[in-house]
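Worksheet for the structure shown next.
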Amino acid sequence: MNHTYNPELLLPVGNMEMCQAAVHNGADAIYVGVPGFNARGRTIDHDIDSLREIIDFCHLYGVKVNLAFNILIFENELEKAIDVLKKIIPLRPDAFIVQDLGLVKIIKELCPEQVVHASTQMTITNGDAIDFVKDLDIKRFVLGRENSLKDIKEIKSATDKELEVFVHGALCVAYSGQCFTSESIGGRSANRGQCAQSCRFEYEMIIDGEPKDLVDQKYLVSPQDLCGINEIDELMELGIESFKVEGRLKAPSFVATAARAYKNAITKNYKNNSLKDDINKMAVSYSRGFFSGWLHGVDHQKLVDGTFSSNRGLKIGQVLKVNKGSVVIGSDITIEKGDGLLFARFENGLKKEFGSKVYDIKSVDNSKVEIFLAKEFNLKNLKYKDDIYLNYSSSLDKEAHRSYNSRDYWKRIPVSMTLDAEIGKALSLTVSDGQNTVTINSDYVTEEAKKELQIDLVKKTLTGLSQTAYECSEFKVLTLDKHPFLPNSTLKDLKQKSIEALNAKRTEHGRELKEVLQIKKSFNTTKAENPKLTILLREPHQVDAVKSYFIQNPEALTSLEAVILDFEFAKFFADAITSLRALPITIGVATTRILKPKEYYNLKILINLNPDFILARNLGSVQYLKENAPHIKIHGDFSLNVSNSITADYLLNKGIERFVPSYDLNSVQLFDLLDHTDTSKVEITIHQYMPSFHMEHCVFAAFLSKGSSFKDCGRPCEKHKMELKDQFGNSHYIKVDTECRNTMFNAKSQSSNELLGDMLEKGISHYRFEALHEEAEELTKKINAYIKFFQEKLDKEGLNYSVGSLEKYGLSSGQILKNDQYKDRKQK
């Protein structure tokens, strides 16, 4: 490893106080949202002036600023995004963190020198995906949290690009950029910074149609928080450039505590504390329980605890005895007056939690403490063996706040100061931070003094920098062995002006911007007269049903274009393709949503099947197919997140024949996209169960086995059907893919048939019907209804009735017709 290797510690910032907490506790860089465009829509948004203040403050202290522009950009937002960029780029941010491929192109066109990092929302989990976007000049890639240390090693060895890895904070159960649960359940897009935290909800498990009693486990898809501090050494051995902490919605004290802990781990600078002490402090600050996430691969028994989903703090012991006015607890952790405790248990299947501040403490013995709680707290709520969590420490809170509120603890930039006091010349002061040097000349011409120069007094005047960001590491006075007379007021004036000049250099603004060429292309579209249906099948038995239907109804074939096979097991593909060759249609096969290093076996099988096209669901698969199967057409699925014409144009120019727009779009946003895109290359999903969570976590293995992975779980997914029932009474189907990843499909099917007339006018002739778990009769009835609808033998009302009567929860339009945009009440 390179001896100059110095990994970056990257901390989250949502406001100025969090920024100060990060900077003064060891952050090398911070990341903060772009006003109006960032993936934390629940934060209180700041304006350009506030952002300038944060950037200047960080640059003053030598801390980099990465701006999170990590959401999908809709067509009607492109001009606004450019306007915002023109205001922000001159502030000299160190990088933009971007999800949208079209936005990357815009930034690079505006300012080629502007650094761009690929957000984890871009779902980069392999080296092929990095190669695919090589032409975009992205400097760094934020890898998916699901990448293990082995994965990261493989990716690092295959690229010269910088890599950024999450080491601490909340874990999303779904792959970033691939979660549509908030969209499908609540009309809030996670790809737009409006995550509804659906993974933190309670769910009831339904197995083969019957509820499964999991006793106290209700939070089935709520992971514990990531704590990768024990893996820092291994990540450093791999040469990872940046270690990232999640938490832009958390408190400044969380930022201060996490920054200090991870800086200690990186530098091994443990003085009056230890690694364990730092972990405990971080747990008190915020914790849903700590786990190493996926850094060591999957462990389905440990990732999700299942008994809670919110912050509890540090577990410190249990209740041993409840007295009339106090409670005796067993704990090895020091508790102080003013601390906050949470008592928790499950009782008759219900979670019981009670909290209180500590008002007094009496030691019983080394591991037992008698504590007195708030007078209003009802001790009758507590029971023997209740778990106890420390979720507020008064001393830790004071320590954290002091670190960024007291000048005595602030970060200081070392500077050298040289005073040129040669007699007969203008007195001057040169200050240098090692990279920037300023020299200020005084109007005062140095005169010779009658007394010897008192260097200590001069040094005290000039190096008193406590009101600044600096500390003097080297001080010199040049006198040529004579005794100059140096007025104190002149020295102070020189110091003030030199510090101001150095500040200005360190916070310099200005970057040259170029004109963006034509953003949107115009297309002369012709109305599509004959809509064609592509049917996606997820179960092998559905193939015979579809084949039989079209053989028995040959007139329906005029409305059928293709069948896509999306099976869990590759062994069923060949026979299915052979069977479907009896129909005059094209046949495609689908890749998995995610591609990790060494997961090429399935792709090789798909290529060897020699289908008419392959439905690619991730950028890595597109790259692999281009290199290894250039003769096979590639269609891009919704998971490529095409939400504007710039992204569409980029992917089409890179070899994708056809794409499905992002499911984040409502009808207005979709039509805006279609107005500026070659609609002959667009396919619209007209019927589906929205794929919500797409998870590395296997719910089957976690709760129907004792296994930690596919190697020892016994494959319960092959024996049972699973649904997760939410708080609204809707049961969402769970399906496993060939890599054992789980997808939760929304309980309610949705159709965009209301828009067919408008989409035909836009020139859209390609439409997709997605099957899920339907048996033969139900599936063919649905297909028959859509075929008749396409052939104008059934109107919209008839279609909705025919299909809706087959659906457990009826047929909905989903979010496509909801044209009002969600706004969080916390936004300002």
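Chain lettering (A, B, ...) mirrors the order of the structure tokens, residue numbering begins at 1 for each chain separately, and ligand numbering begins at 1 in order of display.
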
Report as number ranges by chain all protein, DNA and RNA residues lying within 12 Å of Asp575 (chain A), evaluated on only C-alpha atoms, omitting residues in the same chain fewer than 3 positions from it. A: 540-541, 543-544, 565, 570-572, 578-582, 609

Deliver the residues from the most recent selection as a file, using all heavy atoms, as a short mmCIF file (atom, residue, chain, number, x, y, z; two decimals), in the first residue's frame.
```cif
data_model
loop_
_atom_site.label_atom_id
_atom_site.label_comp_id
_atom_site.auth_asym_id
_atom_site.auth_seq_id
_atom_site.Cartn_x
_atom_site.Cartn_y
_atom_site.Cartn_z
N PRO A 540 -42.34 -20.83 -13.86
CA PRO A 540 -42.27 -21.71 -15.03
C PRO A 540 -43.62 -22.22 -15.49
O PRO A 540 -43.85 -22.36 -16.70
CB PRO A 540 -41.37 -22.85 -14.54
CG PRO A 540 -40.50 -22.23 -13.50
CD PRO A 540 -41.39 -21.25 -12.79
N HIS A 541 -44.53 -22.51 -14.53
CA HIS A 541 -45.83 -23.07 -14.93
C HIS A 541 -46.67 -22.07 -15.73
O HIS A 541 -47.62 -22.46 -16.42
CB HIS A 541 -46.61 -23.55 -13.70
CG HIS A 541 -47.07 -22.45 -12.80
ND1 HIS A 541 -48.18 -21.67 -13.06
CD2 HIS A 541 -46.58 -22.00 -11.61
CE1 HIS A 541 -48.36 -20.79 -12.10
NE2 HIS A 541 -47.39 -20.95 -11.21
N VAL A 543 -45.70 -20.45 -18.27
CA VAL A 543 -45.34 -20.53 -19.69
C VAL A 543 -46.38 -21.33 -20.46
O VAL A 543 -46.86 -20.91 -21.53
CB VAL A 543 -43.93 -21.14 -19.86
CG1 VAL A 543 -43.63 -21.41 -21.34
CG2 VAL A 543 -42.88 -20.23 -19.26
N ASP A 544 -46.74 -22.51 -19.96
CA ASP A 544 -47.71 -23.35 -20.65
C ASP A 544 -49.06 -22.65 -20.75
O ASP A 544 -49.76 -22.78 -21.77
CB ASP A 544 -47.87 -24.68 -19.92
CG ASP A 544 -46.65 -25.58 -20.09
OD1 ASP A 544 -45.89 -25.37 -21.06
OD2 ASP A 544 -46.44 -26.47 -19.24
N LEU A 565 -38.82 -13.94 -19.63
CA LEU A 565 -38.76 -14.95 -18.57
C LEU A 565 -37.89 -14.42 -17.43
O LEU A 565 -36.75 -13.98 -17.66
CB LEU A 565 -38.18 -16.25 -19.11
CG LEU A 565 -38.93 -16.85 -20.31
CD1 LEU A 565 -38.23 -18.09 -20.81
CD2 LEU A 565 -40.38 -17.13 -19.96
N ALA A 570 -32.38 -20.91 -12.98
CA ALA A 570 -31.97 -20.87 -14.39
C ALA A 570 -32.29 -22.17 -15.12
O ALA A 570 -32.42 -22.18 -16.35
CB ALA A 570 -30.48 -20.57 -14.48
N LYS A 571 -32.44 -23.27 -14.40
CA LYS A 571 -32.65 -24.57 -15.04
C LYS A 571 -33.97 -24.64 -15.81
O LYS A 571 -34.15 -25.53 -16.66
CB LYS A 571 -32.61 -25.69 -14.00
CG LYS A 571 -33.71 -25.60 -12.95
CD LYS A 571 -33.56 -26.68 -11.88
CE LYS A 571 -34.65 -26.59 -10.82
NZ LYS A 571 -34.47 -27.63 -9.77
N PHE A 572 -34.89 -23.70 -15.55
CA PHE A 572 -36.19 -23.74 -16.23
C PHE A 572 -36.21 -22.93 -17.53
O PHE A 572 -37.17 -22.99 -18.28
CB PHE A 572 -37.29 -23.21 -15.30
CG PHE A 572 -37.52 -24.07 -14.09
CD1 PHE A 572 -37.24 -23.60 -12.82
CD2 PHE A 572 -38.02 -25.37 -14.22
CE1 PHE A 572 -37.44 -24.39 -11.69
CE2 PHE A 572 -38.23 -26.16 -13.10
CZ PHE A 572 -37.94 -25.68 -11.84
N THR A 578 -37.78 -23.04 -25.54
CA THR A 578 -38.12 -24.01 -26.59
C THR A 578 -39.63 -24.07 -26.79
O THR A 578 -40.13 -24.10 -27.93
CB THR A 578 -37.59 -25.41 -26.21
OG1 THR A 578 -36.17 -25.35 -26.08
CG2 THR A 578 -37.97 -26.43 -27.28
N SER A 579 -40.37 -24.09 -25.69
CA SER A 579 -41.82 -24.15 -25.78
C SER A 579 -42.40 -22.91 -26.44
O SER A 579 -43.27 -22.99 -27.32
CB SER A 579 -42.41 -24.31 -24.37
OG SER A 579 -43.82 -24.32 -24.41
N LEU A 580 -41.90 -21.74 -26.07
CA LEU A 580 -42.44 -20.48 -26.60
C LEU A 580 -42.05 -20.21 -28.04
O LEU A 580 -42.66 -19.36 -28.71
CB LEU A 580 -41.98 -19.32 -25.71
CG LEU A 580 -42.61 -19.25 -24.31
CD1 LEU A 580 -41.89 -18.24 -23.44
CD2 LEU A 580 -44.10 -18.90 -24.41
N ARG A 581 -41.05 -20.93 -28.55
CA ARG A 581 -40.66 -20.75 -29.95
C ARG A 581 -41.79 -21.16 -30.90
O ARG A 581 -41.73 -20.86 -32.10
CB ARG A 581 -39.40 -21.56 -30.26
CG ARG A 581 -38.11 -21.01 -29.66
CD ARG A 581 -37.79 -19.61 -30.17
NE ARG A 581 -36.51 -19.11 -29.62
CZ ARG A 581 -36.17 -17.84 -29.65
NH1 ARG A 581 -37.00 -16.94 -30.17
NH2 ARG A 581 -35.02 -17.44 -29.14
N ALA A 582 -42.80 -21.83 -30.37
CA ALA A 582 -43.95 -22.19 -31.20
C ALA A 582 -44.80 -20.97 -31.55
O ALA A 582 -45.63 -21.03 -32.47
CB ALA A 582 -44.82 -23.22 -30.46
N LEU A 609 -28.32 -19.15 -23.68
CA LEU A 609 -29.69 -19.44 -24.11
C LEU A 609 -29.99 -18.81 -25.47
O LEU A 609 -30.97 -19.17 -26.12
CB LEU A 609 -30.69 -18.92 -23.07
CG LEU A 609 -30.71 -19.63 -21.71
CD1 LEU A 609 -31.53 -18.82 -20.70
CD2 LEU A 609 -31.27 -21.05 -21.85
#
```

Each residue of region 345-453 of chain A lying at most 8 Å from region 253-262 of chain A should get a row with its shortest atom-to-atom pair and the distance in Å to one decimal, counting only C-alpha atoms; could you produce that, ordered by chain and increasing number, as JSON lines?
```
{"residue": "A:Asp397", "atom": "CA", "partner": "A:Ser253", "partner_atom": "CA", "distance": 6.6}
{"residue": "A:Ala400", "atom": "CA", "partner": "A:Ser253", "partner_atom": "CA", "distance": 5.4}
{"residue": "A:His401", "atom": "CA", "partner": "A:Ser253", "partner_atom": "CA", "distance": 6.5}
{"residue": "A:Ser403", "atom": "CA", "partner": "A:Ala256", "partner_atom": "CA", "distance": 7.5}
{"residue": "A:Tyr404", "atom": "CA", "partner": "A:Ala256", "partner_atom": "CA", "distance": 8.0}
```

Would you export the selected residues with N, CA, C and O atoms as a compact mmCIF listing (two decimals), in the first residue's frame, please?
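Result went into selection_23.txt, see below:
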```
# COMPACT_ATOMS: atom_id res chain seq x y z
N ASP A 397 -22.98 14.18 26.53
CA ASP A 397 -23.59 15.30 25.82
C ASP A 397 -22.78 16.58 26.03
O ASP A 397 -22.53 17.34 25.09
N ALA A 400 -19.54 16.29 24.02
CA ALA A 400 -19.75 16.50 22.59
C ALA A 400 -19.96 17.97 22.28
O ALA A 400 -19.35 18.51 21.35
N HIS A 401 -20.82 18.63 23.05
CA HIS A 401 -21.10 20.05 22.80
C HIS A 401 -19.87 20.92 23.04
O HIS A 401 -19.63 21.88 22.31
N SER A 403 -16.87 20.13 22.49
CA SER A 403 -15.90 19.92 21.42
C SER A 403 -16.05 20.89 20.26
O SER A 403 -15.09 21.17 19.55
N TYR A 404 -17.27 21.39 20.06
CA TYR A 404 -17.45 22.33 18.95
C TYR A 404 -17.99 23.69 19.39
O TYR A 404 -18.16 24.58 18.56
```

Per residue of region 574-638 of chain A within 6 Å of region 651-661 of chain A, record the nearest atom pair and its distance in Å to one decimal, counting only C-alpha atoms, with rows in chain order and ascending residue number, as JSON lines.
```
{"residue": "A:Ile634", "atom": "CA", "partner": "A:Ile656", "partner_atom": "CA", "distance": 5.2}
{"residue": "A:His635", "atom": "CA", "partner": "A:Arg658", "partner_atom": "CA", "distance": 4.8}
{"residue": "A:Gly636", "atom": "CA", "partner": "A:Phe659", "partner_atom": "CA", "distance": 4.4}
{"residue": "A:Asp637", "atom": "CA", "partner": "A:Val660", "partner_atom": "CA", "distance": 5.1}
{"residue": "A:Phe638", "atom": "CA", "partner": "A:Val660", "partner_atom": "CA", "distance": 4.9}
```

Would you save the residues of that selection, restricted to N, CA and C atoms, as a JSON list (two decimals), in the first residue's frame?
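part_8.json was written with the following content:
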```json
[["chain", "number", "residue", "atom", "x", "y", "z"],
["A", 634, "ILE", "N", -30.08, -5.53, -25.98],
["A", 634, "ILE", "CA", -30.24, -5.23, -24.55],
["A", 634, "ILE", "C", -31.40, -4.26, -24.37],
["A", 635, "HIS", "N", -32.33, -4.64, -23.53],
["A", 635, "HIS", "CA", -33.40, -3.74, -23.10],
["A", 635, "HIS", "C", -33.10, -3.33, -21.66],
["A", 636, "GLY", "N", -33.34, -2.08, -21.34],
["A", 636, "GLY", "CA", -33.08, -1.59, -19.99],
["A", 636, "GLY", "C", -34.37, -1.53, -19.18],
["A", 637, "ASP", "N", -34.32, -2.04, -17.95],
["A", 637, "ASP", "CA", -35.53, -2.06, -17.13],
["A", 637, "ASP", "C", -35.66, -0.79, -16.29],
["A", 638, "PHE", "N", -36.77, -0.70, -15.56],
["A", 638, "PHE", "CA", -37.07, 0.47, -14.72],
["A", 638, "PHE", "C", -35.97, 0.76, -13.72]]
```

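The gap separating CA of Asp56 (chain A) from CA of Asp493 (chain A) is 23.4 Å, in Å to one decimal.
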
Show me, as a ChimeraX atom specification, the residues that have an atom within 12 Å of Asp726 (chain A) when counting only C-alpha atoms, minus same-chain residues fewer than 6 positions from it. /A:181,185,198-206,218-221,732-733,744,746-747
